[in-house]
file structure06.tsv (TSV, C-alpha atoms)
chain	number	residue	atom	x	y	z
A	1	MET	CA	-24.33	-50.90	-17.39
A	2	PHE	CA	-23.57	-50.74	-21.11
A	3	GLN	CA	-20.49	-52.43	-22.52
A	4	THR	CA	-21.57	-52.61	-26.17
A	5	PHE	CA	-22.58	-49.86	-28.60
A	6	LEU	CA	-24.35	-50.35	-31.91
A	7	ILE	CA	-23.12	-47.89	-34.55
A	8	LYS	CA	-25.72	-46.98	-37.18
A	9	TYR	CA	-25.01	-45.40	-40.55
A	10	GLY	CA	-27.19	-43.91	-43.28
A	11	GLU	CA	-26.09	-43.15	-46.84
A	12	ILE	CA	-23.64	-46.05	-46.89
A	13	PHE	CA	-26.64	-48.35	-47.34
A	14	LEU	CA	-27.13	-46.84	-50.81
A	15	LYS	CA	-23.68	-47.75	-52.09
A	16	GLY	CA	-24.63	-51.07	-53.68
A	17	LYS	CA	-21.78	-53.45	-54.43
A	18	ASN	CA	-19.23	-50.91	-53.13
A	19	ARG	CA	-20.90	-50.67	-49.74
A	20	TYR	CA	-18.26	-52.78	-48.02
A	21	VAL	CA	-15.59	-50.19	-48.95
A	22	PHE	CA	-17.45	-47.47	-47.05
A	23	GLU	CA	-18.31	-49.80	-44.16
A	24	ASP	CA	-14.66	-50.79	-43.77
A	25	ALA	CA	-13.63	-47.12	-43.92
A	26	LEU	CA	-16.13	-46.32	-41.17
A	27	VAL	CA	-14.82	-49.20	-39.05
A	28	ASP	CA	-11.31	-47.75	-39.43
A	29	GLN	CA	-12.51	-44.29	-38.40
A	30	VAL	CA	-14.31	-45.71	-35.36
A	31	ARG	CA	-11.16	-47.60	-34.34
A	32	ASN	CA	-9.16	-44.36	-34.63
A	33	ALA	CA	-11.73	-42.54	-32.50
A	34	VAL	CA	-11.75	-45.06	-29.64
A	35	LEU	CA	-7.95	-44.94	-29.45
A	36	LYS	CA	-8.43	-41.49	-27.87
A	37	VAL	CA	-10.57	-42.95	-25.08
A	38	GLU	CA	-9.06	-44.53	-21.99
A	39	GLY	CA	-9.86	-48.23	-21.93
A	40	GLU	CA	-9.79	-51.21	-24.29
A	41	PHE	CA	-12.33	-51.57	-27.08
A	42	LYS	CA	-13.08	-54.06	-29.82
A	43	VAL	CA	-14.63	-52.72	-33.03
A	44	HIS	CA	-16.12	-55.18	-35.48
A	45	LYS	CA	-18.62	-55.44	-38.31
A	46	TYR	CA	-21.27	-58.14	-38.46
A	47	LEU	CA	-24.16	-58.42	-40.94
A	48	SER	CA	-24.37	-54.71	-41.83
A	49	ARG	CA	-23.90	-53.71	-38.21
A	50	ILE	CA	-20.88	-52.11	-36.55
A	51	TYR	CA	-20.32	-52.73	-32.85
A	52	VAL	CA	-17.99	-51.18	-30.29
A	53	GLU	CA	-17.42	-53.47	-27.31
A	54	ALA	CA	-15.68	-52.23	-24.17
A	55	VAL	CA	-13.35	-54.66	-22.44
A	56	GLY	CA	-13.31	-53.66	-18.79
A	57	GLU	CA	-13.89	-50.22	-17.35
A	58	PHE	CA	-14.25	-47.08	-19.48
A	59	ASP	CA	-15.72	-43.57	-19.38
A	60	TYR	CA	-19.17	-43.69	-21.02
A	61	ASP	CA	-19.36	-39.94	-21.74
A	62	GLU	CA	-15.83	-39.84	-23.15
A	63	LEU	CA	-16.55	-42.72	-25.52
A	64	VAL	CA	-19.83	-41.22	-26.74
A	65	SER	CA	-18.15	-37.83	-27.24
A	66	ALA	CA	-15.43	-39.43	-29.38
A	67	LEU	CA	-17.95	-41.37	-31.50
A	68	LYS	CA	-20.08	-38.25	-32.06
A	69	LYS	CA	-17.16	-36.79	-34.04
A	70	VAL	CA	-16.92	-39.68	-36.52
A	71	PHE	CA	-18.43	-38.77	-39.89
A	72	GLY	CA	-20.58	-41.54	-41.30
A	73	ILE	CA	-22.23	-42.38	-37.98
A	74	THR	CA	-25.92	-41.46	-37.84
A	75	ALA	CA	-26.64	-42.92	-34.40
A	76	ILE	CA	-24.87	-44.41	-31.38
A	77	CYS	CA	-26.98	-46.92	-29.47
A	78	PRO	CA	-25.85	-48.35	-26.12
A	79	VAL	CA	-27.13	-51.92	-26.19
A	80	LEU	CA	-27.86	-54.68	-23.70
A	81	VAL	CA	-26.45	-57.92	-25.15
A	82	LEU	CA	-28.17	-61.10	-24.01
A	83	ASP	CA	-27.70	-64.80	-24.57
A	84	ASP	CA	-30.74	-66.74	-25.72
A	85	GLU	CA	-32.13	-68.28	-22.52
A	86	GLY	CA	-35.72	-68.48	-23.68
A	87	PHE	CA	-38.39	-65.89	-24.39
A	88	ASP	CA	-39.66	-65.65	-20.81
A	89	LYS	CA	-36.14	-64.79	-19.64
A	90	LEU	CA	-35.88	-62.19	-22.42
A	91	LYS	CA	-39.05	-60.47	-21.21
A	92	GLU	CA	-37.67	-60.35	-17.66
A	93	GLU	CA	-34.39	-58.86	-18.87
A	94	ILE	CA	-36.21	-56.15	-20.86
A	95	VAL	CA	-38.41	-55.24	-17.88
A	96	GLU	CA	-35.28	-54.88	-15.72
A	97	TYR	CA	-33.51	-52.91	-18.50
A	98	ILE	CA	-36.34	-50.36	-18.61
A	99	ASP	CA	-36.29	-50.09	-14.83
A	100	ARG	CA	-32.56	-49.33	-14.76
A	101	THR	CA	-32.62	-46.98	-17.73
A	102	TYR	CA	-35.71	-44.85	-16.96
A	103	PRO	CA	-36.35	-43.88	-13.32
A	104	ASP	CA	-39.55	-42.08	-14.42
A	105	LYS	CA	-41.85	-44.64	-16.04
A	106	ASN	CA	-44.56	-42.14	-17.01
A	107	MET	CA	-43.99	-42.29	-20.75
A	108	THR	CA	-45.25	-43.81	-23.98
A	109	PHE	CA	-43.41	-46.55	-25.82
A	110	LYS	CA	-43.44	-48.86	-28.79
A	111	VAL	CA	-41.67	-52.21	-29.05
A	112	GLN	CA	-40.00	-52.83	-32.40
A	113	SER	CA	-38.56	-56.32	-32.86
A	114	LYS	CA	-36.45	-57.76	-35.65
A	115	ARG	CA	-35.96	-61.51	-35.95
A	116	ALA	CA	-32.84	-61.78	-38.10
A	117	ARG	CA	-32.40	-65.37	-36.86
A	118	LYS	CA	-35.45	-66.99	-38.43
A	119	ASN	CA	-35.33	-70.15	-36.28
A	120	TYR	CA	-36.19	-68.11	-33.18
A	121	PRO	CA	-39.53	-69.58	-31.98
A	122	VAL	CA	-41.38	-66.26	-31.51
A	123	GLU	CA	-42.18	-64.12	-34.57
A	124	SER	CA	-41.56	-60.37	-34.61
A	125	MET	CA	-45.19	-59.21	-34.33
A	126	GLN	CA	-45.81	-61.62	-31.49
A	127	MET	CA	-42.64	-60.45	-29.72
A	128	ASN	CA	-43.81	-56.84	-29.97
A	129	ALA	CA	-47.15	-57.69	-28.37
A	130	LEU	CA	-45.82	-59.93	-25.60
A	131	ILE	CA	-42.93	-57.67	-24.59
A	132	GLY	CA	-45.28	-54.67	-24.64
A	133	GLU	CA	-47.70	-56.57	-22.42
A	134	ALA	CA	-44.91	-57.40	-19.94
A	135	LEU	CA	-43.91	-53.73	-19.72
A	136	LEU	CA	-47.51	-52.58	-19.21
A	137	ASP	CA	-47.97	-55.13	-16.43
A	138	ALA	CA	-44.72	-54.10	-14.73
A	139	TYR	CA	-45.11	-50.33	-15.02
A	140	PRO	CA	-48.68	-48.91	-14.94
A	141	GLY	CA	-47.36	-45.45	-15.85
A	142	MET	CA	-46.21	-46.64	-19.27
A	143	LYS	CA	-48.60	-46.48	-22.22
A	144	VAL	CA	-48.33	-47.80	-25.76
A	145	ASP	CA	-48.22	-45.25	-28.60
A	146	VAL	CA	-47.52	-46.80	-31.98
A	147	HIS	CA	-47.45	-43.46	-33.83
A	148	ASN	CA	-45.36	-41.04	-31.75
A	149	PRO	CA	-43.91	-42.78	-28.68
A	150	ASP	CA	-41.52	-41.18	-26.21
A	151	ILE	CA	-39.20	-44.18	-26.65
A	152	PHE	CA	-38.79	-47.14	-28.96
A	153	VAL	CA	-37.72	-50.41	-27.36
A	154	TYR	CA	-35.69	-52.17	-30.04
A	155	VAL	CA	-35.12	-55.93	-29.85
A	156	GLU	CA	-32.87	-57.57	-32.47
A	157	VAL	CA	-32.57	-61.35	-32.45
A	158	ARG	CA	-29.29	-62.25	-34.11
A	159	GLU	CA	-26.62	-64.73	-32.99
A	160	ARG	CA	-27.25	-63.08	-29.63
A	161	ILE	CA	-30.09	-60.76	-28.64
A	162	TYR	CA	-29.58	-56.98	-28.64
A	163	VAL	CA	-31.90	-54.66	-26.71
A	164	TYR	CA	-31.70	-50.87	-26.84
A	165	SER	CA	-33.84	-47.75	-26.56
A	166	ILE	CA	-31.29	-44.92	-26.33
A	167	VAL	CA	-30.41	-43.45	-29.73
A	168	ILE	CA	-27.72	-40.75	-29.61
A	169	PRO	CA	-27.51	-38.75	-32.87
A	170	GLY	CA	-24.20	-38.91	-34.74
A	171	PRO	CA	-22.84	-36.31	-37.18
A	172	GLY	CA	-23.95	-38.16	-40.34
A	173	GLY	CA	-22.08	-37.69	-43.59
A	174	MET	CA	-19.56	-40.10	-45.08
A	175	PRO	CA	-16.38	-41.65	-43.62
A	176	VAL	CA	-13.36	-39.39	-44.01
A	177	GLY	CA	-11.06	-40.46	-46.82
A	178	THR	CA	-13.72	-42.04	-49.05
A	179	ALA	CA	-13.97	-38.97	-51.30
A	180	GLY	CA	-10.32	-38.05	-51.91
A	181	LYS	CA	-8.27	-35.18	-50.51
A	182	GLY	CA	-8.73	-31.41	-50.77
A	183	MET	CA	-6.69	-28.31	-49.95
A	184	LEU	CA	-8.47	-25.97	-47.53
A	185	LEU	CA	-7.56	-22.27	-47.60
A	186	LEU	CA	-7.67	-21.74	-43.85
A	187	SER	CA	-7.72	-18.29	-42.30
A	188	GLY	CA	-8.42	-17.20	-38.75
A	189	GLY	CA	-12.00	-16.21	-39.50
A	190	LEU	CA	-15.33	-17.89	-38.90
A	191	ASP	CA	-15.95	-19.26	-42.37
A	192	SER	CA	-13.02	-21.41	-43.48
A	193	PRO	CA	-12.94	-23.76	-40.44
A	194	VAL	CA	-16.67	-24.38	-40.95
A	195	ALA	CA	-16.03	-25.02	-44.65
A	196	GLY	CA	-13.36	-27.55	-43.71
A	197	TYR	CA	-15.76	-29.29	-41.35
A	198	MET	CA	-18.54	-29.35	-43.95
A	199	ILE	CA	-16.42	-30.75	-46.78
A	200	SER	CA	-14.80	-33.29	-44.47
A	201	LYS	CA	-18.29	-34.45	-43.52
A	202	ARG	CA	-18.69	-35.56	-47.13
A	203	GLY	CA	-15.69	-37.87	-46.83
A	204	VAL	CA	-12.91	-35.52	-47.98
A	205	ARG	CA	-9.56	-35.74	-46.21
A	206	LEU	CA	-7.97	-32.32	-45.60
A	207	GLU	CA	-4.70	-30.55	-46.08
A	208	ALA	CA	-4.70	-26.82	-45.36
A	209	VAL	CA	-2.78	-23.71	-46.33
A	210	TYR	CA	-2.53	-20.54	-44.25
A	211	PHE	CA	-1.09	-17.27	-45.58
A	212	HIS	CA	0.97	-15.52	-42.93
A	213	ALA	CA	2.22	-11.95	-43.36
A	214	PRO	CA	4.74	-11.02	-40.67
A	215	PRO	CA	5.17	-8.44	-39.22
A	216	TYR	CA	1.66	-7.32	-40.23
A	217	THR	CA	0.17	-10.49	-38.79
A	218	SER	CA	1.40	-11.70	-35.41
A	219	GLU	CA	2.49	-15.09	-34.13
A	220	ARG	CA	-0.72	-15.09	-32.11
A	221	ALA	CA	-2.66	-14.90	-35.39
A	222	LYS	CA	-0.72	-17.91	-36.67
A	223	GLN	CA	-1.32	-19.83	-33.44
A	224	LYS	CA	-5.02	-19.03	-33.75
A	225	VAL	CA	-5.07	-20.81	-37.13
A	226	VAL	CA	-3.17	-23.78	-35.69
A	227	ASP	CA	-5.76	-23.95	-32.90
A	228	LEU	CA	-8.62	-23.85	-35.43
A	229	ALA	CA	-6.99	-26.60	-37.49
A	230	THR	CA	-6.64	-28.67	-34.32
A	231	ILE	CA	-10.37	-28.34	-33.59
A	232	VAL	CA	-11.35	-29.24	-37.17
A	233	ALA	CA	-8.95	-32.22	-37.03
A	234	GLU	CA	-11.04	-33.71	-34.20
A	235	TYR	CA	-13.60	-34.42	-36.93
A	236	SER	CA	-11.52	-34.65	-40.11
A	237	GLY	CA	-8.55	-36.58	-38.78
A	238	PRO	CA	-4.93	-35.36	-39.11
A	239	ILE	CA	-4.33	-32.19	-41.14
A	240	ARG	CA	-1.04	-31.08	-42.62
A	241	LEU	CA	-1.01	-27.28	-42.37
A	242	HIS	CA	1.18	-25.39	-44.88
A	243	VAL	CA	2.10	-21.94	-43.55
A	244	VAL	CA	3.10	-19.67	-46.43
A	245	ASN	CA	4.91	-16.37	-45.86
A	246	PHE	CA	2.89	-14.00	-48.05
A	247	THR	CA	4.42	-10.67	-47.00
A	248	GLU	CA	6.59	-10.06	-50.07
A	249	ILE	CA	3.81	-10.83	-52.52
A	250	GLN	CA	1.32	-8.81	-50.55
A	251	MET	CA	3.60	-5.76	-50.42
A	252	ALA	CA	4.34	-5.99	-54.15
A	253	ILE	CA	0.61	-6.03	-54.91
A	254	TYR	CA	0.08	-3.12	-52.53
A	255	GLU	CA	2.82	-1.06	-54.22
A	256	LYS	CA	2.12	-1.85	-57.90
A	257	CYS	CA	-1.59	-2.54	-58.31
A	258	PRO	CA	-4.71	-0.34	-58.00
A	259	GLU	CA	-5.87	0.04	-54.43
A	260	ASP	CA	-9.45	-1.04	-55.07
A	261	GLU	CA	-8.20	-4.31	-56.62
A	262	LEU	CA	-5.80	-5.30	-53.82
A	263	THR	CA	-8.01	-7.97	-52.29
A	264	ILE	CA	-8.95	-9.59	-55.61
A	265	ILE	CA	-5.37	-9.76	-56.87
A	266	MET	CA	-4.17	-11.00	-53.49
A	267	ARG	CA	-6.85	-13.73	-53.53
A	268	ARG	CA	-5.82	-14.77	-57.04
A	269	TYR	CA	-2.23	-15.33	-55.91
A	270	MET	CA	-3.40	-17.21	-52.85
A	271	MET	CA	-5.39	-19.50	-55.11
A	272	ARG	CA	-2.39	-20.00	-57.40
A	273	ILE	CA	-0.14	-20.93	-54.48
A	274	ALA	CA	-2.79	-23.17	-52.89
A	275	GLU	CA	-3.25	-24.98	-56.19
A	276	HIS	CA	0.50	-25.44	-56.61
A	277	ILE	CA	0.77	-27.02	-53.15
A	278	ALA	CA	-2.40	-29.05	-53.80
A	279	ASN	CA	-0.84	-30.55	-56.92
A	280	GLU	CA	2.32	-31.39	-54.99
A	281	THR	CA	0.40	-33.13	-52.22
A	282	GLY	CA	-2.16	-35.10	-54.23
A	283	CYS	CA	-5.19	-32.93	-53.52
A	284	ILE	CA	-7.84	-32.92	-56.22
A	285	GLY	CA	-9.63	-29.70	-55.32
A	286	LEU	CA	-9.45	-26.44	-53.40
A	287	ILE	CA	-11.84	-25.57	-50.57
A	288	THR	CA	-12.73	-22.07	-49.39
A	289	GLY	CA	-15.17	-20.54	-46.92
A	290	GLU	CA	-16.59	-18.05	-49.39
A	291	SER	CA	-20.30	-17.18	-49.46
A	292	ILE	CA	-21.91	-15.14	-52.23
A	293	GLY	CA	-22.13	-11.45	-51.40
A	294	GLN	CA	-20.68	-11.69	-47.89
A	295	VAL	CA	-17.88	-9.21	-48.69
A	296	ALA	CA	-16.64	-7.40	-51.81
A	297	SER	CA	-14.26	-10.22	-52.76
A	298	GLN	CA	-17.16	-12.70	-52.71
A	299	THR	CA	-19.53	-11.21	-55.26
A	300	MET	CA	-20.28	-13.36	-58.30
A	301	GLN	CA	-17.90	-11.24	-60.37
A	302	SER	CA	-15.14	-11.45	-57.77
A	303	LEU	CA	-15.47	-15.20	-57.43
A	304	ALA	CA	-15.28	-15.53	-61.22
A	305	CYS	CA	-11.99	-13.60	-61.14
A	306	THR	CA	-10.46	-15.82	-58.46
A	307	ASN	CA	-11.69	-18.99	-60.14
A	308	GLU	CA	-10.06	-17.98	-63.40
A	309	VAL	CA	-6.53	-18.68	-62.17
A	310	CYS	CA	-7.31	-22.27	-61.10
A	311	GLU	CA	-7.41	-25.49	-63.06
A	312	LEU	CA	-8.46	-27.58	-60.08
A	313	PRO	CA	-12.13	-27.36	-59.03
A	314	VAL	CA	-12.88	-24.94	-56.20
A	315	TYR	CA	-15.41	-26.21	-53.65
A	316	ARG	CA	-17.33	-23.66	-51.58
A	317	PRO	CA	-19.59	-25.57	-49.16
A	318	LEU	CA	-20.87	-22.32	-47.58
A	319	ILE	CA	-21.69	-20.60	-50.87
A	320	ALA	CA	-25.40	-19.99	-50.07
A	321	PHE	CA	-25.17	-19.79	-46.27
A	322	ASP	CA	-26.22	-16.73	-44.31
A	323	LYS	CA	-23.73	-15.54	-41.71
A	324	GLN	CA	-25.92	-16.81	-38.89
A	325	ASP	CA	-25.96	-20.26	-40.49
A	326	ILE	CA	-22.17	-20.25	-40.36
A	327	VAL	CA	-22.07	-18.96	-36.78
A	328	THR	CA	-24.47	-21.71	-35.69
A	329	ILE	CA	-22.20	-24.45	-37.06
A	330	ALA	CA	-19.08	-22.73	-35.68
A	331	GLU	CA	-20.66	-22.79	-32.23
A	332	LYS	CA	-21.65	-26.43	-32.66
A	333	ILE	CA	-18.13	-27.57	-33.56
A	334	ASN	CA	-16.43	-25.25	-31.02
A	335	THR	CA	-14.50	-23.08	-33.50
A	336	TYR	CA	-16.54	-19.93	-32.79
A	337	GLU	CA	-14.75	-18.68	-29.66
A	338	THR	CA	-11.35	-19.16	-31.30
A	339	SER	CA	-12.40	-17.57	-34.59
A	340	ILE	CA	-13.54	-14.34	-32.93
A	341	LEU	CA	-10.23	-13.75	-31.13
A	342	PRO	CA	-9.03	-10.31	-32.31
A	343	TYR	CA	-5.88	-11.30	-34.21
A	344	GLU	CA	-5.76	-9.96	-37.79
A	345	ASP	CA	-5.02	-12.23	-40.74
A	346	CYS	CA	-3.42	-11.08	-43.97
A	347	CYS	CA	-6.79	-10.86	-45.74
A	348	THR	CA	-7.87	-8.04	-43.43
A	349	THR	CA	-4.56	-6.19	-43.07
A	350	PHE	CA	-4.54	-4.41	-46.45
A	351	VAL	CA	-8.20	-3.78	-47.20
A	352	ALA	CA	-9.08	-0.92	-49.53
A	353	GLU	CA	-11.54	1.68	-48.29
A	354	HIS	CA	-13.70	1.12	-51.38
A	355	PRO	CA	-12.84	-2.29	-52.89
A	356	VAL	CA	-14.06	-3.15	-56.37
A	357	THR	CA	-17.20	-5.30	-56.27
A	358	LYS	CA	-17.62	-6.06	-59.98
A	359	PRO	CA	-14.12	-6.78	-61.30
A	360	THR	CA	-13.53	-8.23	-64.75
A	361	VAL	CA	-10.92	-10.86	-65.48
A	362	LYS	CA	-9.48	-8.88	-68.40
A	363	VAL	CA	-8.83	-5.75	-66.32
A	364	ILE	CA	-7.47	-7.64	-63.31
A	365	ALA	CA	-5.12	-9.71	-65.50
A	366	ARG	CA	-3.82	-6.55	-67.18
A	367	HIS	CA	-3.05	-4.93	-63.83
A	368	GLU	CA	-1.32	-8.10	-62.63
A	369	GLU	CA	1.19	-7.63	-65.45
A	370	ARG	CA	2.75	-4.89	-63.31
A	371	LEU	CA	4.10	-7.68	-61.10
A	372	ALA	CA	5.80	-9.53	-63.97
A	373	ASP	CA	9.34	-8.45	-63.06
A	374	CYS	CA	9.23	-9.94	-59.55
A	375	ILE	CA	6.28	-12.27	-58.98
A	376	ASP	CA	7.80	-15.53	-60.27
A	377	GLU	CA	10.71	-15.39	-57.84
A	378	MET	CA	8.44	-14.33	-54.97
A	379	PHE	CA	6.06	-17.18	-55.78
A	380	LYS	CA	8.91	-19.70	-55.75
A	381	THR	CA	10.29	-18.33	-52.47
A	382	ALA	CA	6.88	-18.45	-50.81
A	383	VAL	CA	6.18	-22.03	-51.88
A	384	GLU	CA	9.63	-23.44	-51.15
A	385	GLY	CA	9.99	-21.62	-47.85
A	386	ARG	CA	6.67	-22.66	-46.37
A	387	GLU	CA	6.49	-24.18	-42.92
A	388	ILE	CA	4.61	-27.47	-42.54
A	389	ILE	CA	2.84	-28.22	-39.26
A	390	GLU	CA	1.37	-31.67	-38.63
A	391	ILE	CA	-1.95	-31.33	-36.83
A	392	LYS	CA	-2.84	-34.59	-35.11

call {"tool": "encode", "arguments": {"input": "structure06.tsv", "output": "structure tokens"}}
result
Amino acid sequence: MFQTFLIKYGEIFLKGKNRYVFEDALVDQVRNAVLKVEGEFKVHKYLSRIYVEAVGEFDYDELVSALKKVFGITAICPVLVLDDEGFDKLKEEIVEYIDRTYPDKNMTFKVQSKRARKNYPVESMQMNALIGEALLDAYPGMKVDVHNPDIFVYVEVRERIYVYSIVIPGPGGMPVGTAGKGMLLLSGGLDSPVAGYMISKRGVRLEAVYFHAPPYTSERAKQKVVDLATIVAEYSGPIRLHVVNFTEIQMAIYEKCPEDELTIIMRRYMMRIAEHIANETGCIGLITGESIGQVASQTMQSLACTNEVCELPVYRPLIAFDKQDIVTIAEKINTYETSILPYEDCCTTFVAEHPVTKPTVKVIARHEERLADCIDEMFKTAVEGREIIEIK
């Protein structure tokens, strides 16, 4: 029935003279999304509207599913596109449209017309009244409710006439790539994939770094992270995943530093390595899944200690989220079931029984000096020997 889809967007309207940049970026993202759907589609922008037009047969559900993963889209509206054959013909077409779209006519409605083409002979308020009257005459079970209707019947008179009433929510946010590129510290847990999704929703393109510690972490743990990156990439677009062998550095910290500071010192070296790779790859910030107070390494004092080693800004989109908030989003974006698979990552392998919760930068930095004889070479080896996996 539907061959054309109107794509609505929100915040982009507020971008003033730069709005076209964001609109064009969204058009590009929509084109990328429909490439994954079997069929031929035309994507074009016209007068602050973006349309997807199917050429020939296609899978409706598959197309909608692909569009629902495009950041920047607030709504997907399947539309009936009509030529102007007179107002009486338009009323007939709308009556038939409602009949095909809603088998149960016991509902309330409101007609909302927009006459963008000002030479159309019927004004908007008059269109609302006359179309509403035609629907009431055709379907006695339908009632008008101008305040809280079950459905809106939208009629837009442009170069052609567009009729729609189905509004499928999109993910919102901003088109990916309009806010620069960031380096996500991606583990196999619940939090970091959600953080990647959240920051990507604000238009940030992602690279990611994963710290692997064989033989203490298995190949299955690494594959779990690849799988999580693949799920996030359905929303964020392609991700280049940097897999860093962290075993040597982790063992040196374990052998030379106080047990209760293992996690903090380990996190500080992860941040250093992530920032080094970020600078090499043109990222302008680091992204983590940390939330205040969730674990010992995420207290205010601990976060201050990890921040201290970075010059790039560190973005923590989950900083004030409760765990259930994070779980809810993980379930929504389908990372939850993968995240809870029981494969340890290197952050959980060497956890002290009683980790420090209120570290100070001065004390931590002094204890890190115990690594001075070996850490530079280990750092270089870890960075230069990393594996890069392209996640499409």

call {"tool": "residues_around", "arguments": {"input": "structure06.tsv", "residues": "stretch 218-227 of chain A", "least_positions_apart": "3", "cutoff": "6 Å", "atoms": "all atoms listed in the file", "output": "list in words"}}
result
Gly188, Thr230 and Tyr343 of chain A

call {"tool": "closest_residue", "arguments": {"input": "structure06.tsv", "among": "A:Gly172, A:Gly203, A:Pro359, A:Pro238", "to": "A:Tyr9", "atoms": "all atoms listed in the file"}}
result
A:Gly172

call {"tool": "closest_residue", "arguments": {"input": "structure06.tsv", "among": "A:Val34, A:Leu303, A:Ile273, A:Val157", "to": "A:Asn119", "atoms": "all atoms listed in the file"}}
result
A:Val157

call {"tool": "closest_residue", "arguments": {"input": "structure06.tsv", "among": "A:Ala274, A:Ile239, A:Ala365, A:Met107", "to": "A:Pro140", "atoms": "all atoms listed in the file"}}
result
A:Met107

call {"tool": "atom_distance", "arguments": {"input": "structure06.tsv", "atom1": "atom CA of A:Pro258", "atom2": "atom CA of A:Glu384"}}
result
28.0 Å

call {"tool": "residues_around", "arguments": {"input": "structure06.tsv", "residues": "A:Ala213", "least_positions_apart": "4", "cutoff": "6 Å", "atoms": "all atoms listed in the file", "output": "CSV table (one decimal) with C-alpha atoms, in the frame of the given file"}}
result
chain,number,residue,atom,x,y,z
A,217,THR,CA,0.2,-10.5,-38.8
A,245,ASN,CA,4.9,-16.4,-45.9
A,246,PHE,CA,2.9,-14.0,-48.0
A,247,THR,CA,4.4,-10.7,-47.0
A,346,CYS,CA,-3.4,-11.1,-44.0

call {"tool": "closest_residue", "arguments": {"input": "structure06.tsv", "among": "A:Cys257, A:Val81, A:Cys283, A:Met142", "to": "A:Arg205", "atoms": "only C-alpha atoms"}}
result
A:Cys283

call {"tool": "residues_around", "arguments": {"input": "structure06.tsv", "residues": "A:Glu308", "least_positions_apart": "6", "cutoff": "12 Å", "atoms": "all atoms listed in the file", "output": "number ranges by chain"}}
result
A: 264-265, 267-269, 271-272, 301-302, 314, 360-362, 364-365

call {"tool": "write_last_selection", "arguments": {"input": "structure06.tsv", "atoms": "C-alpha atoms", "output": "compact mmCIF listing (two decimals), in the coordinates of the input"}}
result
# COMPACT_ATOMS: atom_id res chain seq x y z
CA ILE A 264 -8.95 -9.59 -55.61
CA ILE A 265 -5.37 -9.76 -56.87
CA ARG A 267 -6.85 -13.73 -53.53
CA ARG A 268 -5.82 -14.77 -57.04
CA TYR A 269 -2.23 -15.33 -55.91
CA MET A 271 -5.39 -19.50 -55.11
CA ARG A 272 -2.39 -20.00 -57.40
CA GLN A 301 -17.90 -11.24 -60.37
CA SER A 302 -15.14 -11.45 -57.77
CA VAL A 314 -12.88 -24.94 -56.20
CA THR A 360 -13.53 -8.23 -64.75
CA VAL A 361 -10.92 -10.86 -65.48
CA LYS A 362 -9.48 -8.88 -68.40
CA ILE A 364 -7.47 -7.64 -63.31
CA ALA A 365 -5.12 -9.71 -65.50

call {"tool": "residues_around", "arguments": {"input": "structure06.tsv", "residues": "A:Gly170", "least_positions_apart": "4", "cutoff": "8 Å", "atoms": "only C-alpha atoms", "output": "MDAnalysis selection string"}}
result
chainID A and resid 67:76

call {"tool": "residues_around", "arguments": {"input": "structure06.tsv", "residues": "A:Glu96", "least_positions_apart": "2", "cutoff": "12 Å", "atoms": "all atoms listed in the file", "output": "list in words"}}
result
Met1, Leu80, Lys89, Leu90, Lys91, Glu92, Glu93, Ile94, Ile98, Asp99, Arg100, Thr101, Tyr102, Pro103, Ala134, Leu135, Ala138, Tyr139 and Val163 of chain A

call {"tool": "atom_distance", "arguments": {"input": "structure06.tsv", "atom1": "atom CA of A:Gln324", "atom2": "atom CA of A:Ser236"}}
result
23.0 Å

call {"tool": "closest_residue", "arguments": {"input": "structure06.tsv", "among": "A:Gln250, A:Ser200, A:Ser165, A:Gln298", "to": "A:Phe5", "atoms": "all atoms listed in the file"}}
result
A:Ser165

call {"tool": "closest_residue", "arguments": {"input": "structure06.tsv", "among": "A:Met127, A:Leu241, A:Leu190, A:Val95", "to": "A:Lys323", "atoms": "only C-alpha atoms"}}
result
A:Leu190

call {"tool": "atom_distance", "arguments": {"input": "structure06.tsv", "atom1": "atom CA of A:Asp83", "atom2": "atom CA of A:Ala54"}}
result
17.4 Å

call {"tool": "residues_near_point", "arguments": {"input": "structure06.tsv", "point": "(-43.8, -61.1, -27.8)", "cutoff": "12 Å", "atoms": "only C-alpha atoms", "output": "number ranges by chain"}}
result
A: 86-92, 94, 111-115, 120-135, 155

call {"tool": "build_atoms", "arguments": {"input": "structure06.tsv", "residues": "stretch 175-179 of chain A", "atoms": "N, CA, C and O atoms", "output": "short mmCIF file (atom, residue, chain, number, x, y, z; two decimals), in the frame of the given file"}}
result
data_model
loop_
_atom_site.label_atom_id
_atom_site.label_comp_id
_atom_site.auth_asym_id
_atom_site.auth_seq_id
_atom_site.Cartn_x
_atom_site.Cartn_y
_atom_site.Cartn_z
N PRO A 175 -17.68 -41.47 -44.29
CA PRO A 175 -16.38 -41.65 -43.62
C PRO A 175 -15.28 -40.85 -44.30
O PRO A 175 -15.17 -40.83 -45.53
N VAL A 176 -14.46 -40.20 -43.49
CA VAL A 176 -13.36 -39.39 -44.01
C VAL A 176 -12.40 -40.27 -44.82
O VAL A 176 -12.03 -41.37 -44.39
N GLY A 177 -12.01 -39.76 -45.98
CA GLY A 177 -11.06 -40.46 -46.82
C GLY A 177 -11.70 -41.20 -47.97
O GLY A 177 -11.01 -41.66 -48.88
N THR A 178 -13.04 -41.31 -47.97
CA THR A 178 -13.72 -42.04 -49.05
C THR A 178 -13.98 -41.17 -50.27
O THR A 178 -14.44 -41.67 -51.29
N ALA A 179 -13.68 -39.87 -50.18
CA ALA A 179 -13.97 -38.97 -51.30
C ALA A 179 -12.73 -38.20 -51.76
O ALA A 179 -12.84 -37.14 -52.35
#
